$ cat structure_39.txt   # compact mmCIF, C-alpha atoms and all ligand atoms
# COMPACT_ATOMS: atom_id res chain seq x y z
CA MET A 1 -28.71 -1.02 31.68
CA LEU A 2 -27.57 -1.91 35.20
CA LEU A 3 -26.00 -5.29 35.79
CA ILE A 4 -26.88 -6.81 39.16
CA HIS A 5 -24.95 -9.67 40.72
CA CYS A 6 -27.34 -12.39 41.86
CA PRO A 7 -25.76 -14.15 44.87
CA TYR A 8 -27.66 -17.35 44.09
CA CYS A 9 -26.91 -17.59 40.36
CA ASP A 10 -23.46 -16.09 41.08
CA GLU A 11 -23.68 -14.12 37.83
CA ASP A 12 -24.09 -10.53 36.74
CA ARG A 13 -27.52 -10.31 35.13
CA ALA A 14 -29.49 -7.52 33.50
CA GLU A 15 -31.61 -5.28 35.69
CA VAL A 16 -34.78 -6.16 33.72
CA GLU A 17 -34.64 -9.67 35.19
CA PHE A 18 -35.01 -8.25 38.71
CA VAL A 19 -37.79 -6.69 40.73
CA TYR A 20 -37.13 -4.25 43.56
CA GLY A 21 -38.53 -5.29 46.94
CA GLY A 22 -38.14 -2.30 49.28
CA GLU A 23 -35.94 -1.84 52.34
CA ALA A 24 -34.23 -4.97 53.69
CA HIS A 25 -33.84 -6.30 57.23
CA ILE A 26 -37.31 -5.35 58.41
CA ALA A 27 -38.46 -8.16 60.64
CA ARG A 28 -42.16 -8.75 61.09
CA PRO A 29 -43.04 -8.36 64.80
CA LEU A 30 -43.42 -11.78 66.39
CA ASP A 31 -46.55 -10.76 68.29
CA PRO A 32 -48.42 -8.06 66.30
CA SER A 33 -51.27 -7.94 68.80
CA ALA A 34 -48.87 -6.69 71.47
CA LEU A 35 -48.08 -3.56 69.43
CA ASP A 36 -49.86 -0.24 69.69
CA ASP A 37 -50.94 1.62 66.57
CA THR A 38 -47.82 3.75 66.42
CA GLN A 39 -45.53 0.75 66.55
CA TRP A 40 -47.61 -1.08 63.95
CA GLU A 41 -47.63 1.95 61.68
CA SER A 42 -43.87 2.16 62.06
CA TYR A 43 -43.46 -1.47 61.03
CA LEU A 44 -45.85 -1.19 58.09
CA TYR A 45 -45.01 2.18 56.60
CA LEU A 46 -42.02 3.98 58.03
CA ARG A 47 -38.76 3.49 56.14
CA ARG A 48 -35.34 5.07 56.58
CA ASN A 49 -35.04 6.39 53.02
CA PRO A 50 -31.37 7.31 53.45
CA ARG A 51 -29.24 9.45 51.19
CA GLY A 52 -26.35 7.11 50.38
CA ARG A 53 -26.01 3.48 51.46
CA HIS A 54 -29.35 1.70 51.37
CA HIS A 55 -29.98 -1.94 52.28
CA GLU A 56 -32.74 -3.23 50.06
CA ARG A 57 -34.38 -6.39 48.83
CA TRP A 58 -34.36 -7.48 45.23
CA ARG A 59 -35.87 -10.53 43.63
CA HIS A 60 -34.35 -12.32 40.65
CA THR A 61 -37.84 -12.86 39.30
CA TYR A 62 -36.88 -13.76 35.74
CA GLY A 63 -33.96 -15.95 36.79
CA CYS A 64 -33.65 -18.11 39.88
CA GLY A 65 -36.72 -16.54 41.49
CA ARG A 66 -34.94 -15.76 44.77
CA PHE A 67 -35.12 -12.74 47.03
CA PHE A 68 -31.72 -11.42 48.14
CA ASN A 69 -30.33 -8.23 49.66
CA ALA A 70 -28.30 -5.48 48.05
CA VAL A 71 -26.48 -2.40 49.32
CA ARG A 72 -27.12 0.40 46.84
CA ASP A 73 -26.02 4.00 46.98
CA THR A 74 -29.16 6.06 46.45
CA VAL A 75 -27.14 8.97 45.07
CA SER A 76 -24.89 7.21 42.55
CA ASP A 77 -27.15 4.15 42.02
CA VAL A 78 -24.04 1.97 42.36
CA ILE A 79 -24.72 -1.42 43.93
CA GLU A 80 -21.89 -1.97 46.39
CA THR A 81 -22.62 -5.61 47.15
CA THR A 82 -25.35 -8.25 47.13
CA TYR A 83 -25.81 -11.16 49.53
CA LYS A 84 -28.22 -13.98 50.20
CA ALA A 85 -31.40 -13.51 52.19
CA GLY A 86 -30.88 -14.38 55.84
CA GLU A 87 -27.23 -13.31 55.90
CA ALA A 88 -26.10 -10.54 58.24
CA ARG A 89 -26.39 -6.91 57.20
CA ARG A 90 -23.27 -5.68 55.41
CA MET B 1 -36.37 -13.15 1.21
CA ILE B 2 -38.13 -15.23 3.85
CA GLU B 3 -41.42 -17.00 3.58
CA ILE B 4 -43.43 -16.15 6.67
CA THR B 5 -46.12 -18.68 7.41
CA PRO B 6 -49.08 -17.32 9.33
CA LEU B 7 -49.08 -18.74 12.83
CA ALA B 8 -52.08 -20.77 13.92
CA VAL B 9 -53.51 -19.26 17.07
CA SER B 10 -55.29 -22.09 18.83
CA ALA B 11 -53.20 -24.31 21.07
CA ALA B 12 -54.13 -27.44 19.13
CA ASP B 13 -53.14 -25.90 15.81
CA LEU B 14 -49.91 -24.62 17.33
CA VAL B 15 -48.90 -28.13 18.25
CA VAL B 16 -49.55 -29.64 14.85
CA GLY B 17 -49.58 -26.90 12.27
CA THR B 18 -46.75 -24.43 12.74
CA ALA B 19 -44.40 -24.53 9.80
CA PRO B 20 -40.71 -23.84 10.47
CA VAL B 21 -39.33 -20.47 9.40
CA SER B 22 -35.85 -20.23 7.90
CA GLY B 23 -33.73 -17.39 6.68
CA HIS B 24 -30.54 -15.43 7.34
CA ASP B 25 -28.76 -18.44 8.90
CA VAL B 26 -31.51 -19.10 11.44
CA ARG B 27 -34.15 -21.78 11.53
CA LEU B 28 -37.10 -21.50 13.93
CA SER B 29 -39.27 -24.54 14.52
CA LEU B 30 -41.64 -25.97 17.07
CA ALA B 31 -40.08 -28.66 19.27
CA PRO B 32 -41.87 -32.01 19.41
CA ALA B 33 -44.28 -32.59 22.29
CA ALA B 34 -42.50 -33.27 25.58
CA ALA B 35 -43.21 -34.20 29.17
CA ARG B 36 -42.43 -31.26 31.42
CA TYR B 37 -42.17 -31.29 35.17
CA SER B 38 -41.72 -28.51 37.65
CA LEU B 39 -39.69 -29.92 40.54
CA ARG B 40 -39.20 -28.21 43.90
CA ALA B 41 -37.48 -29.37 47.07
CA ARG B 42 -35.39 -27.86 49.81
CA ASP B 43 -33.34 -31.04 49.96
CA PRO B 44 -32.16 -32.13 46.48
CA ALA B 45 -31.25 -35.61 47.72
CA THR B 46 -34.85 -36.30 48.72
CA LEU B 47 -36.09 -35.11 45.34
CA ALA B 48 -33.49 -37.14 43.44
CA GLY B 49 -34.58 -40.21 45.41
CA VAL B 50 -38.26 -39.63 44.60
CA ILE B 51 -37.77 -39.21 40.87
CA GLY B 52 -34.97 -41.76 40.62
CA ARG B 53 -32.71 -39.44 38.65
CA ALA B 54 -29.61 -37.42 39.37
CA LEU B 55 -30.05 -33.65 39.66
CA PRO B 56 -27.64 -30.97 38.43
CA THR B 57 -26.01 -29.24 41.39
CA ARG B 58 -25.17 -25.78 40.04
CA ILE B 59 -27.87 -23.24 39.16
CA GLY B 60 -28.08 -23.03 35.38
CA ASP B 61 -26.73 -26.51 34.71
CA MET B 62 -28.56 -29.27 32.82
CA GLN B 63 -28.22 -33.00 33.34
CA GLY B 64 -30.27 -35.78 31.80
CA GLY B 65 -32.96 -33.37 30.61
CA ILE B 66 -33.26 -31.67 34.01
CA ALA B 67 -32.27 -28.03 34.42
CA CYS B 68 -31.50 -26.40 37.77
CA LEU B 69 -33.37 -23.09 37.68
CA GLY B 70 -32.85 -21.97 41.26
CA PRO B 71 -31.62 -23.12 44.67
CA ASP B 72 -34.65 -25.37 45.15
CA GLU B 73 -36.18 -25.45 41.67
CA TYR B 74 -35.69 -27.75 38.70
CA TYR B 75 -37.33 -28.07 35.30
CA ALA B 76 -37.46 -31.47 33.64
CA LEU B 77 -37.84 -31.83 29.87
CA LEU B 78 -38.44 -35.48 29.10
CA PRO B 79 -39.71 -37.54 26.16
CA ALA B 80 -43.48 -37.18 25.70
CA GLY B 81 -45.50 -39.47 27.91
CA GLU B 82 -42.71 -40.15 30.39
CA ARG B 83 -43.98 -40.23 33.96
CA VAL B 84 -42.22 -39.09 37.11
CA PRO B 85 -43.24 -40.33 40.61
CA ASP B 86 -44.92 -37.57 42.64
CA GLY B 87 -43.37 -38.37 46.02
CA ALA B 88 -46.69 -38.04 47.88
CA GLY B 89 -46.13 -37.51 51.59
CA LEU B 90 -42.56 -36.33 51.18
CA PRO B 91 -41.43 -32.67 51.33
CA VAL B 92 -41.08 -32.34 47.57
CA SER B 93 -43.24 -30.89 44.82
CA VAL B 94 -43.42 -32.75 41.50
CA VAL B 95 -45.91 -31.17 39.13
CA ASP B 96 -46.68 -32.24 35.58
CA VAL B 97 -46.67 -29.01 33.54
CA SER B 98 -46.41 -30.69 30.14
CA ASP B 99 -49.22 -28.65 28.61
CA ARG B 100 -48.22 -25.33 30.18
CA ALA B 101 -45.44 -24.51 27.75
CA LEU B 102 -44.37 -24.98 24.15
CA GLY B 103 -40.81 -25.48 22.99
CA PHE B 104 -39.22 -23.54 20.16
CA VAL B 105 -35.96 -24.62 18.56
CA VAL B 106 -33.77 -21.78 17.27
CA GLU B 107 -30.76 -23.08 15.38
CA GLY B 108 -28.14 -22.02 12.90
CA THR B 109 -25.11 -19.75 12.95
CA GLY B 110 -27.42 -16.75 13.38
CA ALA B 111 -29.43 -18.26 16.26
CA ALA B 112 -27.63 -16.46 19.08
CA ALA B 113 -27.92 -13.11 17.32
CA ALA B 114 -31.65 -13.62 16.71
CA ILE B 115 -32.24 -14.43 20.38
CA ALA B 116 -30.06 -11.54 21.50
CA THR B 117 -32.44 -9.09 19.82
CA GLY B 118 -34.82 -9.56 22.75
CA CYS B 119 -32.89 -11.37 25.47
CA PRO B 120 -30.60 -9.55 27.94
CA LEU B 121 -28.35 -12.56 28.64
CA ASP B 122 -24.71 -12.45 27.59
CA LEU B 123 -24.98 -15.34 25.13
CA ASP B 124 -21.22 -15.38 24.51
CA ARG B 125 -20.87 -16.55 28.11
CA PHE B 126 -23.90 -18.83 28.07
CA ALA B 127 -22.15 -22.15 27.49
CA VAL B 128 -23.53 -25.29 25.87
CA GLY B 129 -25.42 -27.27 28.50
CA ARG B 130 -26.63 -24.20 30.41
CA ALA B 131 -30.25 -23.32 31.02
CA THR B 132 -31.96 -20.43 32.77
CA ARG B 133 -35.18 -18.57 33.18
CA THR B 134 -34.90 -15.16 31.57
CA LEU B 135 -36.84 -12.75 29.37
CA PHE B 136 -37.44 -12.18 25.70
CA GLU B 137 -38.59 -8.55 25.54
CA THR B 138 -41.22 -8.72 28.31
CA VAL B 139 -42.08 -12.41 28.06
CA GLU B 140 -40.73 -14.92 30.55
CA ILE B 141 -38.89 -17.81 28.90
CA ILE B 142 -36.60 -20.66 29.82
CA LEU B 143 -33.61 -20.64 27.51
CA LEU B 144 -31.53 -23.78 27.04
CA ARG B 145 -28.34 -23.97 25.03
CA GLU B 146 -28.30 -27.44 23.50
CA ASP B 147 -25.34 -26.81 21.21
CA THR B 148 -23.19 -23.92 20.05
CA THR B 149 -25.70 -23.05 17.35
CA ARG B 150 -28.86 -24.61 18.76
CA PHE B 151 -31.09 -23.15 21.46
CA ARG B 152 -34.40 -24.29 22.85
CA ILE B 153 -36.88 -21.79 24.24
CA GLU B 154 -39.64 -22.89 26.58
CA VAL B 155 -42.51 -20.40 26.70
CA TRP B 156 -45.94 -20.44 28.29
CA ARG B 157 -48.63 -21.29 25.75
CA SER B 158 -50.48 -18.01 25.92
CA PHE B 159 -47.28 -16.11 25.08
CA ALA B 160 -46.21 -18.51 22.33
CA PRO B 161 -47.93 -16.85 19.34
CA TRP B 162 -46.45 -13.48 20.25
CA LEU B 163 -42.97 -14.92 20.82
CA TRP B 164 -43.10 -16.87 17.56
CA HIS B 165 -43.88 -13.71 15.63
CA ALA B 166 -41.25 -11.73 17.52
CA LEU B 167 -38.62 -14.32 16.61
CA VAL B 168 -39.78 -14.39 13.00
CA ALA B 169 -39.39 -10.61 12.94
CA ALA B 170 -35.93 -10.89 14.50
CA ILE B 171 -34.91 -13.38 11.82
CA ALA B 172 -36.35 -11.26 9.04
CA ASP B 173 -34.52 -8.15 10.29
CA ARG B 174 -31.13 -9.82 10.40
ZN ZN A 201 -30.53 -15.51 40.48

$ encode --input "structure_39.txt" --output "structure tokens"
Amino acid sequence: MLLIHCPYCDEDRAEVEFVYGGEAHIARPLDPSALDDTQWESYLYLRRNPRGRHHERWRHTYGCGRFFNAVRDTVSDVIETTYKAGEARR
Amino acid sequence: MIEITPLAVSAADLVVGTAPVSGHDVRLSLAPAAARYSLRARDPATLAGVIGRALPTRIGDMQGGIACLGPDEYYALLPAGERVPDGAGLPVSVVDVSDRALGFVVEGTGAAAAIATGCPLDLDRFAVGRATRTLFETVEIILLREDTTRFRIEVWRSFAPWLWHALVAAIADR
């Protein structure tokens, strides 16, 4: 069982309380109608899928209910750090 | 040897007819009816002003029957029939959810161990006066530690019969 540090609860909590939310720091385009199909496809579907450090969203669904960001190594599965939504990329 | 009373399935029967189960240093019983409110607000001061009560400031703390579940979310457990102003027109959400959940009381020196059979929290570090949303197996609960050996579990009605039986099984297996 992985323990994940929730930056809102400020506690290590069991992975089963969390839900994974995909890659972090993807901003929705402010004016979608100004985008062509390729740009829109890129926003909707294309993700970096790195080997190693990955910035991703998690939600403490069965806890405080908040979305936050985590940096997880996709090889070792070690979560390097977690931080509140809206904070700068680490 | 524990006597296991069959659990009534209808909501009405659950409220009035569920006999406590005791055994292996644990006693499981249904909590009396309560007023429950789901409280949300970005600004706690505004919410505290609306309801006329102080709010706990740290996530997981309880104060005056109100638990802080998240950065902008509180859960109030008050005596049955107690009303809370709704703050109409203000940026707060005060919702009466009294009939959404049932309360179970799990008490005795074996209470923590019985809960730990299905709950991933580290109960050794879950101090008296703390409260949090968490899981029992796959069912969402709110767990409140009222005393060293007394917990209260708030669970949505439709999950209550399953959770009751799961806890009875946990007690029986101890
Ligand atoms: Zn949390």

$ residues_around --input "structure_39.txt" --residues "segment 9-15 of chain A" --least-positions-apart "2" --cutoff "8 Å" --atoms "all atoms listed in the file" --output "ChimeraX atom specification"
/A:1-7,17-18,64 /B:59-60,70,120-121

$ closest_residue --input "structure_39.txt" --among "B:Val95, B:Leu77, B:Ala160, B:Ala67" --to "chain A" --atoms "only C-alpha atoms"
B:Ala67

$ closest_atom_pairs --input "structure_39.txt" --of "chain B" --to "ligand ZN 201 (chain A)" --cutoff "12 Å" --atoms "only C-alpha atoms and all ligand atoms" --output "JSON lines"
{"residue": "B:Arg58", "atom": "CA", "partner": "A:ZN201", "partner_atom": "ZN", "distance": 11.6}
{"residue": "B:Ile59", "atom": "CA", "partner": "A:ZN201", "partner_atom": "ZN", "distance": 8.3}
{"residue": "B:Gly60", "atom": "CA", "partner": "A:ZN201", "partner_atom": "ZN", "distance": 9.4}
{"residue": "B:Cys68", "atom": "CA", "partner": "A:ZN201", "partner_atom": "ZN", "distance": 11.3}
{"residue": "B:Leu69", "atom": "CA", "partner": "A:ZN201", "partner_atom": "ZN", "distance": 8.6}
{"residue": "B:Gly70", "atom": "CA", "partner": "A:ZN201", "partner_atom": "ZN", "distance": 6.9}
{"residue": "B:Pro71", "atom": "CA", "partner": "A:ZN201", "partner_atom": "ZN", "distance": 8.8}
{"residue": "B:Asp72", "atom": "CA", "partner": "A:ZN201", "partner_atom": "ZN", "distance": 11.7}
{"residue": "B:Glu73", "atom": "CA", "partner": "A:ZN201", "partner_atom": "ZN", "distance": 11.5}
{"residue": "B:Thr132", "atom": "CA", "partner": "A:ZN201", "partner_atom": "ZN", "distance": 9.3}
{"residue": "B:Arg133", "atom": "CA", "partner": "A:ZN201", "partner_atom": "ZN", "distance": 9.2}
{"residue": "B:Thr134", "atom": "CA", "partner": "A:ZN201", "partner_atom": "ZN", "distance": 9.9}

$ closest_residue --input "structure_39.txt" --among "A:Gly22, A:Glu56, A:Arg47, A:Val16" --to "chain B" --atoms "all atoms listed in the file"
A:Val16

$ closest_residue --input "structure_39.txt" --among "B:Asp122, B:Asp43, B:Glu154, B:Asp147" --to "chain A" --atoms "only C-alpha atoms"
B:Asp122

$ atom_distance --input "structure_39.txt" --atom1 "atom CA of Asp96 of chain B" --atom2 "atom CA of Ala76 of chain B"
9.5 Å

$ closest_residue --input "structure_39.txt" --among "B:Arg130, B:Arg53, B:Arg100, B:Arg150" --to "chain A" --atoms "all atoms listed in the file"
B:Arg130

$ closest_residue --input "structure_39.txt" --among "A:Leu30, A:Leu35, A:Val19, A:Ala24" --to "Lys84 of chain A" --atoms "all atoms listed in the file"
A:Ala24

$ closest_residue --input "structure_39.txt" --among "B:Ser29, B:Thr149, B:Thr109, B:Thr57" --to "chain A" --atoms "all atoms listed in the file"
B:Thr57
